[in-house]
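So this one's input.pdb, PDB, C-alpha atoms, pLDDT in the B column:
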ATOM      1  CA  MET A   1       0.000   0.000   0.000  1.00 53.00           C
ATOM      2  CA  ALA A   2       1.467   3.318  -1.090  1.00 69.00           C
ATOM      3  CA  PHE A   3       1.205   6.448   1.000  1.00 74.00           C
ATOM      4  CA  THR A   4      -0.351   9.555  -0.506  1.00 74.00           C
ATOM      5  CA  THR A   5       0.672  13.053   0.423  1.00 80.00           C
ATOM      6  CA  LEU A   6      -1.595  15.164   2.571  1.00 81.00           C
ATOM      7  CA  ALA A   7      -1.900  17.765  -0.190  1.00 80.00           C
ATOM      8  CA  THR A   8      -3.148  15.087  -2.615  1.00 83.00           C
ATOM      9  CA  LEU A   9      -5.728  13.852  -0.105  1.00 79.00           C
ATOM     10  CA  LEU A  10      -6.964  17.386   0.586  1.00 77.00           C
ATOM     11  CA  ASN A  11      -7.309  18.104  -3.127  1.00 78.00           C
ATOM     12  CA  GLN A  12      -9.335  14.909  -3.616  1.00 80.00           C
ATOM     13  CA  ILE A  13     -11.620  15.737  -0.695  1.00 78.00           C
ATOM     14  CA  GLN A  14     -12.158  19.336  -1.801  1.00 75.00           C
ATOM     15  CA  ARG A  15     -13.214  18.231  -5.298  1.00 77.00           C
ATOM     16  CA  LYS A  16     -16.207  16.325  -3.896  1.00 79.00           C
ATOM     17  CA  PRO A  17     -19.679  17.898  -4.366  1.00 74.00           C
ATOM     18  CA  ALA A  18     -20.165  18.321  -0.620  1.00 71.00           C
ATOM     19  CA  TRP A  19     -17.435  20.959  -0.641  1.00 77.00           C
ATOM     20  CA  GLN A  20     -19.166  23.069  -3.312  1.00 75.00           C
ATOM     21  CA  ASN A  21     -20.917  25.281  -0.735  1.00 74.00           C
ATOM     22  CA  TYR A  22     -17.659  25.777   1.133  1.00 78.00           C
ATOM     23  CA  HIS A  23     -15.853  26.947  -2.016  1.00 80.00           C
ATOM     24  CA  ARG A  24     -18.707  29.268  -2.904  1.00 83.00           C
ATOM     25  CA  TYR A  25     -18.809  30.737   0.601  1.00 85.00           C
ATOM     26  CA  SER A  26     -15.017  31.080   0.620  1.00 85.00           C
ATOM     27  CA  ALA A  27     -15.155  32.992  -2.677  1.00 87.00           C
ATOM     28  CA  ILE A  28     -17.794  35.337  -1.240  1.00 90.00           C
ATOM     29  CA  VAL A  29     -15.711  36.023   1.880  1.00 89.00           C
ATOM     30  CA  THR A  30     -12.632  36.645  -0.271  1.00 89.00           C
ATOM     31  CA  HIS A  31     -14.409  39.167  -2.522  1.00 90.00           C
ATOM     32  CA  TRP A  32     -16.773  40.679   0.063  1.00 93.00           C
ATOM     33  CA  LYS A  33     -14.652  43.759   0.828  1.00 92.00           C
ATOM     34  CA  THR A  34     -14.376  44.596  -2.862  1.00 92.00           C
ATOM     35  CA  VAL A  35     -18.129  44.562  -3.569  1.00 93.00           C
ATOM     36  CA  VAL A  36     -19.540  46.163  -0.406  1.00 93.00           C
ATOM     37  CA  PRO A  37     -19.037  49.911   0.159  1.00 90.00           C
ATOM     38  CA  ALA A  38     -15.711  50.433   1.982  1.00 89.00           C
ATOM     39  CA  LYS A  39     -17.251  52.115   5.032  1.00 91.00           C
ATOM     40  CA  PHE A  40     -19.374  48.988   5.675  1.00 91.00           C
ATOM     41  CA  ALA A  41     -16.753  46.312   5.015  1.00 90.00           C
ATOM     42  CA  SER A  42     -15.710  45.976   8.660  1.00 88.00           C
ATOM     43  CA  LYS A  43     -19.297  46.307   9.888  1.00 91.00           C
ATOM     44  CA  THR A  44     -20.660  43.364   7.900  1.00 92.00           C
ATOM     45  CA  ARG A  45     -19.901  39.656   7.835  1.00 90.00           C
ATOM     46  CA  PRO A  46     -21.190  37.014   5.395  1.00 91.00           C
ATOM     47  CA  MET A  47     -22.720  34.274   7.575  1.00 88.00           C
ATOM     48  CA  GLY A  48     -23.748  31.635   5.063  1.00 86.00           C
ATOM     49  CA  ILE A  49     -25.792  30.676   2.040  1.00 87.00           C
ATOM     50  CA  ARG A  50     -29.272  29.194   2.230  1.00 85.00           C
ATOM     51  CA  ARG A  51     -31.486  28.571  -0.810  1.00 85.00           C
ATOM     52  CA  GLN A  52     -29.385  30.787  -3.088  1.00 88.00           C
ATOM     53  CA  ILE A  53     -29.626  33.664  -0.581  1.00 90.00           C
ATOM     54  CA  LEU A  54     -26.550  35.104   1.119  1.00 91.00           C
ATOM     55  CA  TRP A  55     -27.163  35.897   4.790  1.00 91.00           C
ATOM     56  CA  VAL A  56     -25.046  38.742   6.120  1.00 92.00           C
ATOM     57  CA  GLY A  57     -24.653  39.883   9.718  1.00 91.00           C
ATOM     58  CA  THR A  58     -24.402  43.619  10.295  1.00 92.00           C
ATOM     59  CA  GLU A  59     -23.187  45.608  13.266  1.00 89.00           C
ATOM     60  CA  SER A  60     -26.471  47.515  13.579  1.00 89.00           C
ATOM     61  CA  ALA A  61     -30.029  47.522  12.275  1.00 90.00           C
ATOM     62  CA  ALA A  62     -29.413  50.871  10.578  1.00 92.00           C
ATOM     63  CA  ILE A  63     -26.576  49.375   8.530  1.00 93.00           C
ATOM     64  CA  ALA A  64     -28.784  46.384   7.666  1.00 93.00           C
ATOM     65  CA  GLN A  65     -31.536  48.720   6.433  1.00 94.00           C
ATOM     66  CA  HIS A  66     -29.101  50.846   4.430  1.00 94.00           C
ATOM     67  CA  LEU A  67     -27.481  47.838   2.757  1.00 94.00           C
ATOM     68  CA  THR A  68     -30.852  46.175   2.097  1.00 94.00           C
ATOM     69  CA  LEU A  69     -31.683  49.142  -0.113  1.00 94.00           C
ATOM     70  CA  GLN A  70     -28.352  48.662  -1.931  1.00 93.00           C
ATOM     71  CA  ARG A  71     -28.451  44.865  -2.112  1.00 92.00           C
ATOM     72  CA  TYR A  72     -28.850  44.621  -5.883  1.00 93.00           C
ATOM     73  CA  THR A  73     -25.929  46.957  -6.511  1.00 93.00           C
ATOM     74  CA  ILE A  74     -23.863  44.688  -4.240  1.00 94.00           C
ATOM     75  CA  LEU A  75     -25.267  41.467  -5.697  1.00 94.00           C
ATOM     76  CA  LYS A  76     -24.477  42.337  -9.324  1.00 94.00           C
ATOM     77  CA  PRO A  77     -20.654  42.550  -9.022  1.00 94.00           C
ATOM     78  CA  LEU A  78     -20.611  39.696  -6.503  1.00 93.00           C
ATOM     79  CA  ASN A  79     -22.426  37.352  -8.910  1.00 93.00           C
ATOM     80  CA  ARG A  80     -19.884  38.185 -11.636  1.00 92.00           C
ATOM     81  CA  LEU A  81     -17.189  36.732  -9.364  1.00 90.00           C
ATOM     82  CA  LEU A  82     -19.078  33.502  -8.545  1.00 88.00           C
ATOM     83  CA  ASP A  83     -19.514  30.329 -10.578  1.00 85.00           C
ATOM     84  CA  GLU A  84     -23.123  29.960  -9.430  1.00 87.00           C
ATOM     85  CA  PRO A  85     -24.992  33.263  -8.925  1.00 90.00           C
ATOM     86  CA  LEU A  86     -26.962  34.169  -5.812  1.00 92.00           C
ATOM     87  CA  ASN A  87     -30.623  35.236  -5.971  1.00 93.00           C
ATOM     88  CA  ASP A  88     -30.610  37.732  -3.118  1.00 94.00           C
ATOM     89  CA  ILE A  89     -28.850  39.030  -0.005  1.00 95.00           C
ATOM     90  CA  HIS A  90     -30.465  39.373   3.419  1.00 93.00           C
ATOM     91  CA  PHE A  91     -28.866  41.711   5.943  1.00 93.00           C
ATOM     92  CA  SER A  92     -29.637  41.527   9.651  1.00 90.00           C
ATOM     93  CA  SER A  93     -28.063  42.703  12.877  1.00 87.00           C
ATOM     94  CA  VAL A  94     -29.385  39.559  14.606  1.00 82.00           C
ATOM     95  CA  TYR A  95     -26.640  37.464  13.019  1.00 73.00           C
ATOM     96  CA  TRP A  96     -23.848  39.789  14.181  1.00 75.00           C
ATOM     97  CA  THR A  97     -23.802  38.177  17.648  1.00 67.00           C
ATOM     98  CA  VAL A  98     -24.080  34.630  16.313  1.00 55.00           C
ATOM     99  CA  ASN A  99     -20.934  32.514  16.612  1.00 49.00           C
ATOM    100  CA  PRO A 100     -18.546  32.028  13.659  1.00 45.00           C
ATOM    101  CA  PRO A 101     -19.950  31.961  10.142  1.00 46.00           C
ATOM    102  CA  GLN A 102     -21.332  28.667   8.859  1.00 47.00           C
ATOM    103  CA  THR A 103     -20.998  27.676   5.243  1.00 44.00           C
ATOM    104  CA  ASN A 104     -23.929  25.275   4.863  1.00 46.00           C
ATOM    105  CA  LEU A 105     -27.178  26.594   6.269  1.00 46.00           C
ATOM    106  CA  GLU A 106     -29.567  24.387   4.273  1.00 45.00           C
ATOM    107  CA  ASN A 107     -30.842  22.344   7.220  1.00 44.00           C
ATOM    108  CA  GLN A 108     -30.399  24.959   9.898  1.00 42.00           C
ATOM    109  CA  GLN A 109     -32.788  27.355  11.611  1.00 41.00           C
ATOM    110  CA  PHE A 110     -31.443  30.801  12.373  1.00 39.00           C
ATOM    111  CA  PRO A 111     -31.574  31.651  16.075  1.00 38.00           C
ATOM    112  CA  SER A 112     -34.090  34.254  17.168  1.00 35.00           C
ATOM    113  CA  SER A 113     -31.756  35.243  19.973  1.00 38.00           C
ATOM    114  CA  PRO A 114     -28.190  34.293  20.863  1.00 40.00           C
ATOM    115  CA  LEU A 115     -29.468  32.397  23.911  1.00 41.00           C
ATOM    116  CA  PHE A 116     -31.434  29.572  22.289  1.00 43.00           C
ATOM    117  CA  GLU A 117     -32.276  27.932  18.994  1.00 48.00           C
ATOM    118  CA  ILE A 118     -35.490  26.414  17.666  1.00 48.00           C
ATOM    119  CA  GLU A 119     -33.897  22.965  17.539  1.00 52.00           C
ATOM    120  CA  ASP A 120     -33.392  23.064  21.313  1.00 48.00           C
ATOM    121  CA  ILE A 121     -37.099  23.647  21.821  1.00 48.00           C
ATOM    122  CA  LYS A 122     -38.079  20.864  19.396  1.00 53.00           C
ATOM    123  CA  ARG A 123     -36.179  18.366  21.539  1.00 53.00           C
ATOM    124  CA  CYS A 124     -38.612  19.120  24.381  1.00 46.00           C
ATOM    125  CA  ASN A 125     -41.704  18.006  22.458  1.00 53.00           C
ATOM    126  CA  ALA A 126     -43.827  16.259  25.109  1.00 62.00           C
ATOM    127  CA  THR A 127     -46.323  18.528  26.908  1.00 74.00           C
ATOM    128  CA  PRO A 128     -46.298  22.324  26.960  1.00 77.00           C
ATOM    129  CA  GLU A 129     -45.165  22.270  30.594  1.00 80.00           C
ATOM    130  CA  GLU A 130     -42.254  19.927  29.832  1.00 78.00           C
ATOM    131  CA  ALA A 131     -41.328  22.022  26.808  1.00 74.00           C
ATOM    132  CA  PHE A 132     -41.292  25.159  28.955  1.00 78.00           C
ATOM    133  CA  GLN A 133     -39.212  23.446  31.646  1.00 81.00           C
ATOM    134  CA  GLY A 134     -36.750  22.235  29.000  1.00 76.00           C
ATOM    135  CA  TRP A 135     -36.539  25.700  27.477  1.00 76.00           C
ATOM    136  CA  ALA A 136     -36.028  27.324  30.886  1.00 80.00           C
ATOM    137  CA  GLU A 137     -33.219  24.863  31.674  1.00 82.00           C
ATOM    138  CA  ILE A 138     -31.509  25.582  28.344  1.00 78.00           C
ATOM    139  CA  ILE A 139     -31.693  29.322  29.012  1.00 77.00           C
ATOM    140  CA  ARG A 140     -30.351  28.817  32.538  1.00 78.00           C
ATOM    141  CA  GLN A 141     -27.403  26.764  31.266  1.00 80.00           C
ATOM    142  CA  ARG A 142     -26.496  29.108  28.432  1.00 76.00           C
ATOM    143  CA  SER A 143     -26.952  32.337  30.360  1.00 77.00           C
ATOM    144  CA  HIS A 144     -24.772  31.061  33.195  1.00 77.00           C
ATOM    145  CA  GLN A 145     -21.672  32.150  31.258  1.00 81.00           C
ATOM    146  CA  PHE A 146     -22.856  35.757  30.935  1.00 84.00           C
ATOM    147  CA  PRO A 147     -21.998  38.507  33.433  1.00 87.00           C
ATOM    148  CA  LEU A 148     -24.802  39.879  35.615  1.00 88.00           C
ATOM    149  CA  CYS A 149     -26.551  43.213  35.208  1.00 90.00           C
ATOM    150  CA  PRO A 150     -25.291  45.572  37.934  1.00 91.00           C
ATOM    151  CA  LEU A 151     -28.858  46.765  38.684  1.00 90.00           C
ATOM    152  CA  CYS A 152     -31.116  43.694  38.571  1.00 90.00           C
ATOM    153  CA  GLN A 153     -28.570  40.823  38.607  1.00 87.00           C
ATOM    154  CA  SER A 154     -30.104  39.121  35.540  1.00 85.00           C
ATOM    155  CA  PRO A 155     -27.792  37.653  32.834  1.00 85.00           C
ATOM    156  CA  LEU A 156     -26.338  40.399  30.660  1.00 84.00           C
ATOM    157  CA  LEU A 157     -25.912  39.746  26.949  1.00 82.00           C
ATOM    158  CA  PRO A 158     -22.534  40.838  25.514  1.00 82.00           C
ATOM    159  CA  LEU A 159     -24.173  43.381  23.189  1.00 83.00           C
ATOM    160  CA  GLU A 160     -26.155  44.916  26.068  1.00 84.00           C
ATOM    161  CA  GLU A 161     -23.014  45.123  28.172  1.00 84.00           C
ATOM    162  CA  LYS A 162     -21.150  46.813  25.324  1.00 85.00           C
ATOM    163  CA  ARG A 163     -23.926  49.319  24.578  1.00 86.00           C
ATOM    164  CA  TRP A 164     -25.350  50.223  27.988  1.00 88.00           C
ATOM    165  CA  SER A 165     -23.358  48.390  30.719  1.00 89.00           C
ATOM    166  CA  MET A 166     -26.723  47.054  31.939  1.00 89.00           C
ATOM    167  CA  CYS A 167     -29.514  44.819  30.629  1.00 87.00           C
ATOM    168  CA  GLY A 168     -32.028  46.101  28.089  1.00 86.00           C
ATOM    169  CA  TYR A 169     -34.859  46.106  30.622  1.00 87.00           C
ATOM    170  CA  CYS A 170     -32.941  48.273  33.133  1.00 90.00           C
ATOM    171  CA  HIS A 171     -31.847  50.562  30.293  1.00 87.00           C
ATOM    172  CA  SER A 172     -35.440  51.044  29.110  1.00 86.00           C
ATOM    173  CA  CYS A 173     -36.517  51.739  32.724  1.00 86.00           C
ATOM    174  CA  GLN A 174     -33.842  54.425  32.996  1.00 84.00           C
ATOM    175  CA  ILE A 175     -34.929  55.986  29.718  1.00 81.00           C
ATOM    176  CA  SER A 176     -38.584  56.100  30.806  1.00 78.00           C
ATOM    177  CA  GLU A 177     -37.600  57.569  34.212  1.00 78.00           C
ATOM    178  CA  ASN A 178     -35.549  60.263  32.485  1.00 72.00           C
ATOM    179  CA  SER A 179     -38.302  61.093  29.984  1.00 64.00           C
ATOM    180  CA  VAL A 180     -40.944  61.505  32.718  1.00 55.00           C
ATOM    181  CA  GLY A 181     -39.021  64.421  34.213  1.00 49.00           C
ATOM    182  CA  VAL A 182     -38.835  66.280  30.883  1.00 44.00           C
TER     183      VAL A 182
END

The structure in this file should be written as structure tokens.
Amino acid sequence: MAFTTLATLLNQIQRKPAWQNYHRYSAIVTHWKTVVPAKFASKTRPMGIRRQILWVGTESAAIAQHLTLQRYTILKPLNRLLDEPLNDIHFSSVYWTVNPPQTNLENQQFPSSPLFEIEDIKRCNATPEEAFQGWAEIIRQRSHQFPLCPLCQSPLLPLEEKRWSMCGYCHSCQISENSVGV
């Protein structure tokens, strides 16, 4: 039995059809900064491809809205650089906090919050009470790693900590207290 070099094995593996999405995603990431306006390049991140749609995380909702209006002017030069063109681009700030980009999103649900995913809830499919208990346990486990809000001691999401140094609820309470005195 002859030994094959690692480079040869990697080339053989990467030629398989299962790697097609990876190559496509890799090409998008490589060319992303050349097709998106320069001031948004560092504030956006391609997250994956699902049903011929590129999903892009943005730093803020305002950037997502702005780029949504420009999506066809971004899509046109991007499709020229790809072997298989995309149909559309969806921008959202929700995906900015999601963990590293994923290349194959065909069988995946996007999380509605960084704390839990739909698949976690589906695993708790007995009674509504059991589903709620399962969901509550998942939230408890995942939020355990987060720091606590200095005012109410509830888990503090990283984005909330960065923006306000307190949870969203306490921040909204402070805003309403300040607006009452006006």

Let me have the centre and edge lengths in Å, one decimal, of the box along x, y and z around every listed atom of segment 15-29 of chain A with 3 Å of margin on each side, as lines of an AutoDock Vina configuration file.
center_x = -17.1
center_y = 26.2
center_z = -1.7
size_x = 13.7
size_y = 25.7
size_z = 13.2

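Here atom CA of His31 of chain A is placed at a distance of 20.0 Å from atom CA of Gln14 of chain A.
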
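Evaluating the PyMOL selection byres ((chain A and resi 61) around 9) against the shown model yields Thr58, Glu59, Ser60, Ala62, Ile63, Ala64, Gln65, His66, Phe91, Ser92, Ser93 and Val94 of chain A.
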
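Using only C-alpha atoms, the protein and nucleic acid residues lying no more than 12 Å from Gln153 of chain A, apart from those fewer than 5 places from it along its own chain, are Ser143, His144, Phe146, Pro147, Leu148, Met166, Cys167, Tyr169 and Cys170 of chain A.
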
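Rounded to one decimal, atom CA of Val35 of chain A and atom CA of Arg51 of chain A lie 21.0 Å from each other.
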
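Atom CA of Ser42 of chain A lies 17.2 Å from atom CA of Ala27 of chain A.
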
## Note on the structure
Restricting to all atoms listed in the file, whichever of A:Glu160, A:Met47, A:Thr127, A:Leu67 is closest to Ser172 of chain A is A:Glu160

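Minimum distance to Leu54 of chain A across A:Pro85, A:Pro77, A:Pro128, A:Pro17 (counting only C-alpha atoms) occurs at A:Pro85.
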
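Counting all atoms listed in the file, the residue from A:Leu157, A:Cys173, A:Ile74, A:Ile89 that sits nearest to Pro46 of chain A is A:Ile89.
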
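With all atoms listed in the file as the atoms that count, the residue of A:Phe132, A:Tyr72, A:Gly48, A:Pro155 with the shortest distance to Tyr22 of chain A is A:Gly48.
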